Each structure stands twice: as structure tokens, then as C-alpha cells.
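To start, the structure under review is shown below, and the notes come after it.
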Amino acid sequence: MGGEAVGPSLGSGPGPAGDPRARGRGRAEGEDREGGGVRRAAALAALALAAGAPGACRERRAAAPTPRPSAASGNRHNVLLVTIDTLRADHLGVYGYKRPTSPKIDALARSGTVFERAYTFWPKTRGSMAIMLTGRRPSRNGYSKTHPVLLDFNPTLASVLKDAGYSTSAIVDNPNVAAQNGYAKGFDSYRETWEEAELASEADRMRAITDGAVAFLRAAVPDRPFLLWLHYVNPHAPYTPPPPFDTAFLDAAAGAGPRLRVVPDFHGGIPKRWAVRGRDRLGYYVAQYDGEIGAVDQEVGRVVDALRSSAVAKKTVMVLTSDHGESLGEHDYYFDHGEDLFEPGLSVPLVVSAPGGKAEVRSRVFASTLDVFPTILDAVKVSYPPELAGISLLGEVVGRTAPGRERLFAQNDRNLVATWDQRFKLVGTPEGERMRYALYDRASDPGEARDVSPARPDDLRVQRQELELFVGAGEREWAQTRREIGAGPAEARLSAEACQKLKSLGYAGAGCAP
């Protein structure tokens, strides 16, 4: 059903609105697979060695300590944040998946709270992590096509905890969260594993992240609170799990499913860049995706074991989630994410374990990646910065249940916007100066395949009103945010190593030499 535009495109950012292309028309310029950044985080410099990591590596550390308030302003609980790139919730055992992809994550989930209806606000890494680490929507944190970075005017989870007396460290894989893109703000130590020549493969970097985390946790002491962020790039395409996970799920289902042709992009079949000779069944690629989950699950298990045997086990809040999901052929969209706002790209796992929390809790409240920031600060009793868009979910973790919000929203790089409640989802797709709407009845059509807007005009009107109110509020926020962004630079050159890594993940563009 066609409709009037609900307002200027939210993805247009501080400059004129970009070309609002709909899903399936090719990649939008400036997506998060492109390198670039506003500036390096202040006072960060390269070091030759990473603490706790074997061999030489490249790590960024704060150049000099500055006076900070005592951590007594909070409860001195530590924070361990684990984000797993491109991880669909429905491919984990704890979310009902039949293959044994995630025994370690499932065990972690049994020790805490599983949020069964958790969603990303933005289904691409750069935007999603800017949102998660600031707790702000793009209309307030300034993330946009013209500034696809974490802008420095935002308080971040790391900067807030650092100001509260925490030591802050990160070990990450995926140059979309490079320090040059602003994501290192507030971190004392920021290790970018793709910059380390000796870590030649994705599996090497995955194990290095875990090795660094294990060493960090073994050295942790109770009187020095910390934030440790780990970002694993698995199971991002290409799906190339290391042994034994490369064959772990080559079962009957792996040889089933439709035969797919090789195509130049992500629609209609196997993307040429990911095609494996002699493998044209959908089931094979899903099995390899699952194998990557199995591999990273093993690493999560090592981290959890290290935490539980450490001196800080009883004083650490652990959060495990993902930046976004992955489309595995749904809506004829293969082995990618971000072009649409359907369930496979939006649904993410969210597991929280905290001191004083209950075990084996399954929460049905709507949860968003916007909620990670306030939930962590609530758990460690550190004051919120202003203008957070999410809510704390700590009540669900400690047994103080509440009704929760009635709906969620999402956006993407292509200026699509969506809202959904317990039953209906409305997706707005820009077409020129107008917005085309599609309404899905998620109760009768969980695959979101049939637009029911012609048959349900009253429900369409309700959902559209909610979406228009959301977009209008966003535009008012943009008016303030544009002033804060000003005319500052939007891009910076990434290293050759970062550009090579981005290319291997299927990304190319700004921040890298043509």
C-alpha cells in the first residue's frame, strides 16, 4: 500500500537526505562495511604488545592516566560484554534450535536470564555498535550515511565507566569497530586483532580474543573494577569454520534444501564471493554458518570457565548478545544482513548474568540493543548519562518483573523504518519522496511474507500512526544533533590491514584506497 512520506529520511543525517534506496537495489553507499571514521579516540596511541597476549600485537592504550572519581560511586561490580557478530538467536539451542551449535552459550543462559524477544535496532555492525555503546538512537548519537562512525560528543559505556573509576579494555575483530571509527572512546586498552600480521585467519583472531580474555580474567583482582568488551566476528560470512566445526553439521539436512545458482550479489542465490565449488545446496551453507557458531561457542565456553575460576567471578556482570542477525535465504536474500528489516536480520540473542540475579529465567519482554547500556549501568549502580533511549532490563534479571514496553522500532542504512508489537509489524520503505508501507501479521505469518495492509486498514492506521510519531520525534532530535556534529570530518583512512580484512568480509569503500 502506498502512502505519503512520513518525514525526512532518518538515515540522511546531518546533511541532505541521501538516495533512499529500497532493499534489493544494490548496496547503499556508506554502509557499515565501508571503512572510515571521524578521528582516532583522544589520547590513544599504538603499542607493540597487548597485555596478556602471546607474541607481538597491535593495541591502543590511553597515553596518560587522568584523575578519576572513586569507583565507590557504584557497587564495584565488573562488566564482561561479549558481542558475537551476525548471530541469529534462532540458531542457538537455548532459543530452540535442533542442532547442538551452542552448548556453552546454552549453559551460560541457564545460569542467568534469557531474553526471548531481543532485537537489534540497526542490522549492520557500525550502526548497531554505535547504538549499543551509546544507548542512543542515530537521531541522537549522529550515526548516518554522512557520518557512519561513533561520534566523539557521545558518552559511551566505556567512557562512563572509566569516569566511575573502572579500567576499560577491549579485544575486537571487525574493522567496522576500529578506533579510527570512534569505537575506542573511553577504553584504556583497545586491541584490534586484524592489525596483527601473525593472526592470519579468522580462527586465529577468534582464539586470540579468547586467549587475551583468559589472561585478563586470571589477572583480575576484586578491588579494581573493570569493563572488558570482546567482539568476535564469527559467524559473519564467508562461512569458513575451522576443524572440527567445518564438518560438524554436514548431516542429511546439509545436503537438502533447494539448489541455488551463483549470483553477483545477495539476491536469488549464492553470492559469487561466497560460492564453494560443487556446493549448490542451501543446506550446506546453513551447516557452515552453524559450524561457525559452534566454533565461537567453544571460545565463549573458555571465557566463561576463566571467569568462573577467577577471583572476580561473584562480582561480575556478564552480557552476551549480537549486533544483528543474518538472512539465510529468507525473502530471497542470502548470507547477508542489513538490507531489510525482517526477523532474520533483527532477532538477536541476549543473555544476562549478574550478581544477585536469578538462574534459568526466560523473559518475554521486548528487549533492544538500546537496552544494553542502561542495563549494565543499572547493574553496577553508576549514573546514566543524559538522553538514553533504552531501558534497564535488570528487573527481569533479579526477579522484579514488569510488563515492559508494548512495541519496538528499527531502522537501517537504506532509510527503511519499522515498528512492531505483539502481533503486527509495519515496514516503511522509501520510494522517492513517498513511503510505501507493508503490514505483516506475525501471529499467522511469522515469516513476514504477506502484506495484509489492504485487508486490515484499521490495524494499518494504528501502526502507521505509531511509526509517524517515532519518525517525527527523530527528526526533532536530529535538529539538535546536527548542531553538535557541525562541520567536523566524517572519514579517516584505515590501515592496509583493516582494509584487507574488510574486503575479506565483503566490505569495501570509504576509508580504504580505491
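We label chains A, B, ... in the order they appear in the C-alpha cells, count residues from 1 in each chain, and number ligands from 1 in the order shown.
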Closest atom pairs, region 166-216 of chain A residues within 12 Å of region 469-490 of chain A, only C-alpha atoms, as a Markdown table:
```
| residue | atom | partner | partner_atom | distance |
| --- | --- | --- | --- | --- |
| A:Gln180 | CA | A:Ala490 | CA | 10.7 |
| A:Asn181 | CA | A:Ala490 | CA | 9.2 |
| A:Gly182 | CA | A:Ala490 | CA | 10.7 |
```
Any chance you could list, as an mmCIF file with C-alpha atoms, in the first residue's frame, the residues in region 165-317 of chain A that come up strand (DSSP E) when DSSP is run on the backbone?
```cif
data_model
loop_
_atom_site.group_PDB
_atom_site.id
_atom_site.type_symbol
_atom_site.label_atom_id
_atom_site.label_comp_id
_atom_site.auth_asym_id
_atom_site.auth_seq_id
_atom_site.Cartn_x
_atom_site.Cartn_y
_atom_site.Cartn_z
ATOM 1 C CA SER A 167 39.699 0.094 33.993
ATOM 2 C CA THR A 168 38.424 -0.441 30.459
ATOM 3 C CA SER A 169 39.712 -2.888 27.868
ATOM 4 C CA ALA A 170 38.516 -4.292 24.560
ATOM 5 C CA ILE A 171 39.688 -7.044 22.208
ATOM 6 C CA VAL A 172 37.829 -6.922 18.915
ATOM 7 C CA SER A 189 43.322 -0.587 26.034
ATOM 8 C CA TYR A 190 41.839 -1.341 22.605
ATOM 9 C CA ARG A 191 43.268 -4.347 20.798
ATOM 10 C CA GLU A 192 42.430 -4.609 17.078
ATOM 11 C CA PHE A 226 36.800 -3.350 35.031
ATOM 12 C CA LEU A 227 34.914 -3.340 31.763
ATOM 13 C CA LEU A 228 36.088 -5.961 29.271
ATOM 14 C CA TRP A 229 34.468 -5.990 25.816
ATOM 15 C CA LEU A 230 35.073 -8.897 23.450
ATOM 16 C CA HIS A 231 33.796 -8.773 19.876
ATOM 17 C CA TYR A 232 34.024 -11.958 17.793
ATOM 18 C CA ARG A 261 22.563 -20.642 -8.678
ATOM 19 C CA VAL A 262 25.569 -18.405 -8.221
ATOM 20 C CA VAL A 263 24.661 -14.721 -8.455
ATOM 21 C CA GLY A 269 21.154 -17.447 -4.920
ATOM 22 C CA ILE A 270 24.685 -17.923 -3.637
ATOM 23 C CA PRO A 271 26.694 -14.688 -3.733
ATOM 24 C CA THR A 316 30.983 -9.668 37.511
ATOM 25 C CA VAL A 317 28.027 -8.809 35.317
#
```
Exercise for review: Report the distance between CA of Ala410 (chain A) and CA of Val79 (chain A) in Å, rounded to one decimal place.
Suggested key: 26.5 Å
Exercise for review: Show which residues sit within 6 Å of region 235-252 of chain A, as number ranges by chain. Count only C-alpha atoms, and ignore same-chain residues fewer than 6 positions away.
Suggested key: A: 86, 274, 287-289, 291-293
May I have the selected residues written with N, CA and C atoms, as a PDB file, in the first residue's frame?
```
ATOM      1  N   THR A  86      26.753 -11.097  13.792  1.00  0.00           N
ATOM      2  CA  THR A  86      25.920 -11.804  12.817  1.00  0.00           C
ATOM      3  C   THR A  86      25.270 -13.053  13.390  1.00  0.00           C
ATOM      4  N   TRP A 274      30.971 -15.851  -2.078  1.00  0.00           N
ATOM      5  CA  TRP A 274      30.931 -16.880  -1.044  1.00  0.00           C
ATOM      6  C   TRP A 274      30.782 -18.288  -1.607  1.00  0.00           C
ATOM      7  N   ALA A 287      24.710 -25.170   7.158  1.00  0.00           N
ATOM      8  CA  ALA A 287      25.536 -26.013   8.026  1.00  0.00           C
ATOM      9  C   ALA A 287      26.864 -25.341   8.347  1.00  0.00           C
ATOM     10  N   GLN A 288      27.449 -24.642   7.386  1.00  0.00           N
ATOM     11  CA  GLN A 288      28.709 -23.951   7.640  1.00  0.00           C
ATOM     12  C   GLN A 288      28.506 -22.730   8.535  1.00  0.00           C
ATOM     13  N   TYR A 289      27.401 -22.046   8.361  1.00  0.00           N
ATOM     14  CA  TYR A 289      27.056 -20.962   9.293  1.00  0.00           C
ATOM     15  C   TYR A 289      26.953 -21.514  10.711  1.00  0.00           C
ATOM     16  N   GLY A 291      28.396 -24.172  11.791  1.00  0.00           N
ATOM     17  CA  GLY A 291      29.738 -24.547  12.219  1.00  0.00           C
ATOM     18  C   GLY A 291      30.498 -23.370  12.800  1.00  0.00           C
ATOM     19  N   GLU A 292      30.323 -22.203  12.211  1.00  0.00           N
ATOM     20  CA  GLU A 292      30.965 -21.000  12.770  1.00  0.00           C
ATOM     21  C   GLU A 292      30.411 -20.676  14.151  1.00  0.00           C
ATOM     22  N   ILE A 293      29.110 -20.889  14.329  1.00  0.00           N
ATOM     23  CA  ILE A 293      28.539 -20.679  15.660  1.00  0.00           C
ATOM     24  C   ILE A 293      29.156 -21.660  16.649  1.00  0.00           C
TER      25      ILE A 293
END
```
Revision key, fill the gap. Correct to one decimal, the distance CA of Asp188 (chain A)-CA of Met129 (chain A) is 18.4 Å
Point to revise | Neighbour list for Tyr284 (chain A) as JSON, numbers by chain, cut-off 8 Å, only C-alpha atoms, skip fewer than 5 positions in-chain | key: {"A": [250, 253, 254, 255, 256, 279]}
Counting only C-alpha atoms, which residues of region 347-458 of chain A fall within 8 Å of region 96-117 of chain A, and what is the closest atom pair for each with its distance in Å at one decimal, ordered by chain and rising number, as a tab-separated table?
```
residue	atom	partner	partner_atom	distance
A:Ser347	CA	A:Arg117	CA	7.3
A:Pro349	CA	A:Phe115	CA	7.1
A:Leu350	CA	A:Phe115	CA	5.4
A:Val351	CA	A:Val114	CA	4.7
A:Val352	CA	A:Thr113	CA	5.3
A:Ser353	CA	A:Gly112	CA	4.4
A:Ala354	CA	A:Gly112	CA	7.3
A:Gly357	CA	A:Gly112	CA	6.7
A:Lys358	CA	A:Gly112	CA	5.9
A:Ala359	CA	A:Gly112	CA	4.4
A:Glu360	CA	A:Arg110	CA	4.5
A:Val361	CA	A:Thr113	CA	4.5
A:Arg362	CA	A:Val114	CA	4.9
A:Ser363	CA	A:Phe115	CA	4.9
A:Arg364	CA	A:Glu116	CA	5.5
A:Val365	CA	A:Arg117	CA	6.5
A:Phe366	CA	A:Arg117	CA	5.3
A:Ala367	CA	A:Arg117	CA	6.1
A:Glu396	CA	A:Thr113	CA	7.5
A:Val397	CA	A:Thr113	CA	5.6
```
Output for the residues just chosen: N, CA and C atoms as an mmCIF file, in the first residue's frame:
```cif
data_model
loop_
_atom_site.group_PDB
_atom_site.id
_atom_site.type_symbol
_atom_site.label_atom_id
_atom_site.label_comp_id
_atom_site.auth_asym_id
_atom_site.auth_seq_id
_atom_site.Cartn_x
_atom_site.Cartn_y
_atom_site.Cartn_z
ATOM 1 N N SER A 347 16.423 -10.242 14.892
ATOM 2 C CA SER A 347 16.357 -11.021 16.121
ATOM 3 C C SER A 347 17.759 -11.434 16.563
ATOM 4 N N PRO A 349 20.313 -12.870 20.107
ATOM 5 C CA PRO A 349 20.294 -13.401 21.471
ATOM 6 C C PRO A 349 20.630 -12.298 22.473
ATOM 7 N N LEU A 350 20.119 -12.435 23.657
ATOM 8 C CA LEU A 350 20.507 -11.562 24.764
ATOM 9 C C LEU A 350 20.447 -12.390 26.041
ATOM 10 N N VAL A 351 21.618 -12.598 26.643
ATOM 11 C CA VAL A 351 21.744 -13.368 27.871
ATOM 12 C C VAL A 351 22.452 -12.485 28.891
ATOM 13 N N VAL A 352 21.892 -12.394 30.086
ATOM 14 C CA VAL A 352 22.459 -11.559 31.151
ATOM 15 C C VAL A 352 22.599 -12.387 32.416
ATOM 16 N N SER A 353 23.797 -12.350 32.977
ATOM 17 C CA SER A 353 24.062 -12.971 34.280
ATOM 18 C C SER A 353 24.674 -11.907 35.177
ATOM 19 N N ALA A 354 24.124 -11.750 36.366
ATOM 20 C CA ALA A 354 24.585 -10.669 37.243
ATOM 21 C C ALA A 354 24.557 -11.113 38.698
ATOM 22 N N GLY A 357 21.361 -12.037 40.574
ATOM 23 C CA GLY A 357 20.391 -12.418 39.564
ATOM 24 C C GLY A 357 19.898 -13.839 39.752
ATOM 25 N N LYS A 358 18.757 -14.122 39.153
ATOM 26 C CA LYS A 358 18.175 -15.450 39.225
ATOM 27 C C LYS A 358 18.743 -16.329 38.109
ATOM 28 N N ALA A 359 18.680 -17.629 38.297
ATOM 29 C CA ALA A 359 19.099 -18.580 37.274
ATOM 30 C C ALA A 359 17.879 -19.137 36.550
ATOM 31 N N GLU A 360 18.112 -19.559 35.315
ATOM 32 C CA GLU A 360 17.096 -20.222 34.497
ATOM 33 C C GLU A 360 15.836 -19.374 34.332
ATOM 34 N N VAL A 361 16.049 -18.091 34.085
ATOM 35 C CA VAL A 361 14.930 -17.182 33.831
ATOM 36 C C VAL A 361 14.782 -16.994 32.322
ATOM 37 N N ARG A 362 13.555 -17.042 31.856
ATOM 38 C CA ARG A 362 13.255 -16.774 30.452
ATOM 39 C C ARG A 362 12.257 -15.624 30.417
ATOM 40 N N SER A 363 12.697 -14.501 29.907
ATOM 41 C CA SER A 363 11.863 -13.299 29.879
ATOM 42 C C SER A 363 11.233 -13.117 28.508
ATOM 43 N N ARG A 364 9.966 -12.738 28.510
ATOM 44 C CA ARG A 364 9.240 -12.494 27.258
ATOM 45 C C ARG A 364 9.063 -11.008 26.972
ATOM 46 N N VAL A 365 9.668 -10.134 27.757
ATOM 47 C CA VAL A 365 9.528 -8.707 27.477
ATOM 48 C C VAL A 365 10.301 -8.363 26.206
ATOM 49 N N PHE A 366 9.852 -7.345 25.501
ATOM 50 C CA PHE A 366 10.598 -6.846 24.357
ATOM 51 C C PHE A 366 11.909 -6.228 24.853
ATOM 52 N N ALA A 367 13.023 -6.634 24.229
ATOM 53 C CA ALA A 367 14.332 -6.093 24.579
ATOM 54 C C ALA A 367 15.016 -5.612 23.315
ATOM 55 N N GLU A 396 14.157 -7.811 35.258
ATOM 56 C CA GLU A 396 13.915 -9.171 34.781
ATOM 57 C C GLU A 396 15.002 -10.128 35.276
ATOM 58 N N VAL A 397 16.219 -9.615 35.412
ATOM 59 C CA VAL A 397 17.360 -10.448 35.803
ATOM 60 C C VAL A 397 17.298 -10.822 37.282
#
```
Practice item. Any chance you could list, as a ChimeraX atom specification, the residues in region 126-330 of chain A that come up helix (DSSP H, G or I) when DSSP is run on the backbone? Key: /A:126-134,138-141,157-163,175-177,179-181,193-195,202-219,252-255,272-274,282-308,313-315,330
Per-residue nearest contacts of region 87-137 of chain A to region 144-154 of chain A (10 Å; only C-alpha atoms) as a Markdown table:
```
| residue | atom | partner | partner_atom | distance |
| --- | --- | --- | --- | --- |
| A:Arg126 | CA | A:Val149 | CA | 6.7 |
| A:Gly127 | CA | A:Pro148 | CA | 7.1 |
| A:Met129 | CA | A:Leu150 | CA | 8.4 |
| A:Ala130 | CA | A:Leu150 | CA | 5.3 |
| A:Ile131 | CA | A:Leu150 | CA | 8.5 |
| A:Leu133 | CA | A:Leu150 | CA | 8.8 |
| A:Thr134 | CA | A:Asn154 | CA | 6.6 |
| A:Gly135 | CA | A:Asn154 | CA | 9.5 |
| A:Arg136 | CA | A:Asn154 | CA | 8.7 |
```
I want to know what sits within 8 Å of Leu370 (chain A), based on only C-alpha atoms, with residues of the same chain fewer than 3 positions away left out; could you give that as a tab-separated table (two decimals) with N, CA and C atoms, in the first residue's frame?
```tsv
chain	number	residue	atom	x	y	z
A	120	THR	N	17.89	-6.20	17.51
A	120	THR	CA	18.77	-5.07	17.23
A	120	THR	C	17.94	-3.90	16.73
A	121	PHE	N	18.41	-2.70	17.03
A	121	PHE	CA	17.76	-1.51	16.48
A	121	PHE	C	18.24	-1.25	15.06
A	131	ILE	N	25.03	2.33	18.47
A	131	ILE	CA	23.81	2.41	19.26
A	131	ILE	C	23.99	1.68	20.60
A	132	MET	N	24.56	0.48	20.55
A	132	MET	CA	24.73	-0.30	21.78
A	132	MET	C	25.67	0.38	22.76
A	135	GLY	N	23.80	3.82	23.84
A	135	GLY	CA	22.43	3.76	24.33
A	135	GLY	C	21.53	4.79	23.69
A	136	ARG	N	21.97	5.34	22.55
A	136	ARG	CA	21.21	6.38	21.87
A	136	ARG	C	20.86	5.94	20.45
A	137	ARG	N	19.70	6.40	19.98
A	137	ARG	CA	19.34	6.18	18.59
A	137	ARG	C	20.19	7.06	17.69
A	373	PHE	N	23.22	-0.75	27.35
A	373	PHE	CA	23.89	0.32	28.09
A	373	PHE	C	23.19	0.58	29.43
A	374	PRO	N	21.89	0.94	29.45
A	374	PRO	CA	21.26	1.22	30.75
A	374	PRO	C	21.18	0.01	31.67
A	389	ALA	N	18.03	6.15	25.13
A	389	ALA	CA	16.76	5.78	24.50
A	389	ALA	C	16.26	4.43	24.96
A	390	GLY	N	17.13	3.62	25.57
A	390	GLY	CA	16.73	2.31	26.03
A	390	GLY	C	16.26	2.32	27.47
A	391	ILE	N	15.95	1.15	27.98
A	391	ILE	CA	15.51	0.99	29.36
A	391	ILE	C	16.36	-0.10	30.02
```
With a distance cut-off of 6 Å and only C-alpha atoms, select the neighbouring residues of region 333-342 of chain A, excluding the residue or stretch itself and same-chain residues fewer than 6 positions from it, and output the selection as a PDB file with N, CA and C atoms, in the first residue's frame.
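Below is the file around.pdb, written as the result:
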```pdb
ATOM      1  N   ARG A  23      15.331  -2.207  -0.342  1.00  0.00           N
ATOM      2  CA  ARG A  23      16.056  -3.457  -0.349  1.00  0.00           C
ATOM      3  C   ARG A  23      16.050  -4.071  -1.737  1.00  0.00           C
ATOM      4  N   PRO A 123      20.456  -3.258  11.828  1.00  0.00           N
ATOM      5  CA  PRO A 123      21.033  -4.560  11.471  1.00  0.00           C
ATOM      6  C   PRO A 123      22.334  -4.510  10.676  1.00  0.00           C
ATOM      7  N   LYS A 124      23.235  -3.622  11.028  1.00  0.00           N
ATOM      8  CA  LYS A 124      24.591  -3.567  10.477  1.00  0.00           C
ATOM      9  C   LYS A 124      25.539  -3.221  11.620  1.00  0.00           C
ATOM     10  N   PHE A 266      23.494 -10.473  -3.477  1.00  0.00           N
ATOM     11  CA  PHE A 266      22.963 -11.256  -2.369  1.00  0.00           C
ATOM     12  C   PHE A 266      21.516 -11.690  -2.582  1.00  0.00           C
ATOM     13  N   HIS A 267      21.029 -11.615  -3.806  1.00  0.00           N
ATOM     14  CA  HIS A 267      19.625 -11.922  -4.064  1.00  0.00           C
ATOM     15  C   HIS A 267      19.504 -12.975  -5.149  1.00  0.00           C
ATOM     16  N   GLU A 326      21.194 -12.565  10.551  1.00  0.00           N
ATOM     17  CA  GLU A 326      21.672 -12.908   9.210  1.00  0.00           C
ATOM     18  C   GLU A 326      20.511 -13.495   8.412  1.00  0.00           C
ATOM     19  N   SER A 327      20.433 -13.122   7.148  1.00  0.00           N
ATOM     20  CA  SER A 327      19.429 -13.712   6.268  1.00  0.00           C
ATOM     21  C   SER A 327      20.038 -14.914   5.571  1.00  0.00           C
TER      22      SER A 327
END
```
**Study point:** Gap from CA of Arg281 (chain A) to CA of Asp332 (chain A) - Å, one decimal
**Key:** 14.2 Å
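Omitting Phe424 (chain A) and its sequence neighbours fewer than 3 positions away, and counting only C-alpha atoms, the residues within 10 Å are Arg407, Thr419, Trp420, Asp421, Leu439, Tyr440, Asp441, Arg442, Ala443, Ser444, Asp445, Pro446, Glu448, Val452, Asp459, Leu460 and Gln463 of chain A.
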With N, CA and C atoms retained, could you export that selection as a JSON list (two decimals), in the first residue's frame?
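selection_14.json, freshly written:
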```
[["chain", "number", "residue", "atom", "x", "y", "z"],
["A", 407, "ARG", "N", 6.01, -2.04, 22.24],
["A", 407, "ARG", "CA", 6.48, -2.15, 20.86],
["A", 407, "ARG", "C", 7.95, -1.77, 20.77],
["A", 419, "THR", "N", 8.18, -0.74, 12.85],
["A", 419, "THR", "CA", 7.71, -0.88, 14.22],
["A", 419, "THR", "C", 6.90, -2.16, 14.32],
["A", 420, "TRP", "N", 6.91, -2.77, 15.50],
["A", 420, "TRP", "CA", 6.12, -3.97, 15.70],
["A", 420, "TRP", "C", 5.71, -4.09, 17.16],
["A", 421, "ASP", "N", 4.58, -4.76, 17.35],
["A", 421, "ASP", "CA", 4.08, -5.06, 18.68],
["A", 421, "ASP", "C", 3.94, -6.57, 18.81],
["A", 439, "LEU", "N", 2.28, -4.23, 5.92],
["A", 439, "LEU", "CA", 1.85, -4.67, 7.24],
["A", 439, "LEU", "C", 1.87, -6.19, 7.29],
["A", 440, "TYR", "N", 2.51, -6.74, 8.32],
["A", 440, "TYR", "CA", 2.62, -8.19, 8.46],
["A", 440, "TYR", "C", 1.97, -8.64, 9.76],
["A", 441, "ASP", "N", 1.17, -9.69, 9.66],
["A", 441, "ASP", "CA", 0.55, -10.30, 10.83],
["A", 441, "ASP", "C", 1.49, -11.41, 11.30],
["A", 442, "ARG", "N", 2.30, -11.10, 12.30],
["A", 442, "ARG", "CA", 3.34, -12.03, 12.74],
["A", 442, "ARG", "C", 2.77, -13.26, 13.44],
["A", 443, "ALA", "N", 1.53, -13.17, 13.89],
["A", 443, "ALA", "CA", 0.91, -14.33, 14.54],
["A", 443, "ALA", "C", 0.58, -15.41, 13.52],
["A", 444, "SER", "N", -0.02, -15.03, 12.41],
["A", 444, "SER", "CA", -0.39, -16.01, 11.39],
["A", 444, "SER", "C", 0.67, -16.18, 10.31],
["A", 445, "ASP", "N", 1.62, -15.25, 10.26],
["A", 445, "ASP", "CA", 2.64, -15.24, 9.21],
["A", 445, "ASP", "C", 3.99, -14.88, 9.82],
["A", 446, "PRO", "N", 4.57, -15.80, 10.62],
["A", 446, "PRO", "CA", 5.84, -15.46, 11.28],
["A", 446, "PRO", "C", 6.98, -15.21, 10.31],
["A", 448, "GLU", "N", 6.75, -13.29, 7.81],
["A", 448, "GLU", "CA", 6.55, -11.92, 7.31],
["A", 448, "GLU", "C", 6.58, -11.89, 5.78],
["A", 452, "VAL", "N", -0.63, -7.62, 4.63],
["A", 452, "VAL", "CA", -2.07, -7.68, 4.89],
["A", 452, "VAL", "C", -2.68, -6.29, 5.00],
["A", 459, "ASP", "N", -5.85, -1.71, 11.40],
["A", 459, "ASP", "CA", -4.56, -2.04, 12.01],
["A", 459, "ASP", "C", -3.43, -1.27, 11.33],
["A", 460, "LEU", "N", -3.53, -1.10, 10.03],
["A", 460, "LEU", "CA", -2.54, -0.30, 9.32],
["A", 460, "LEU", "C", -2.51, 1.12, 9.85],
["A", 463, "GLN", "N", -0.73, 1.23, 13.34],
["A", 463, "GLN", "CA", 0.71, 1.04, 13.24],
["A", 463, "GLN", "C", 1.38, 2.23, 12.54]]
```
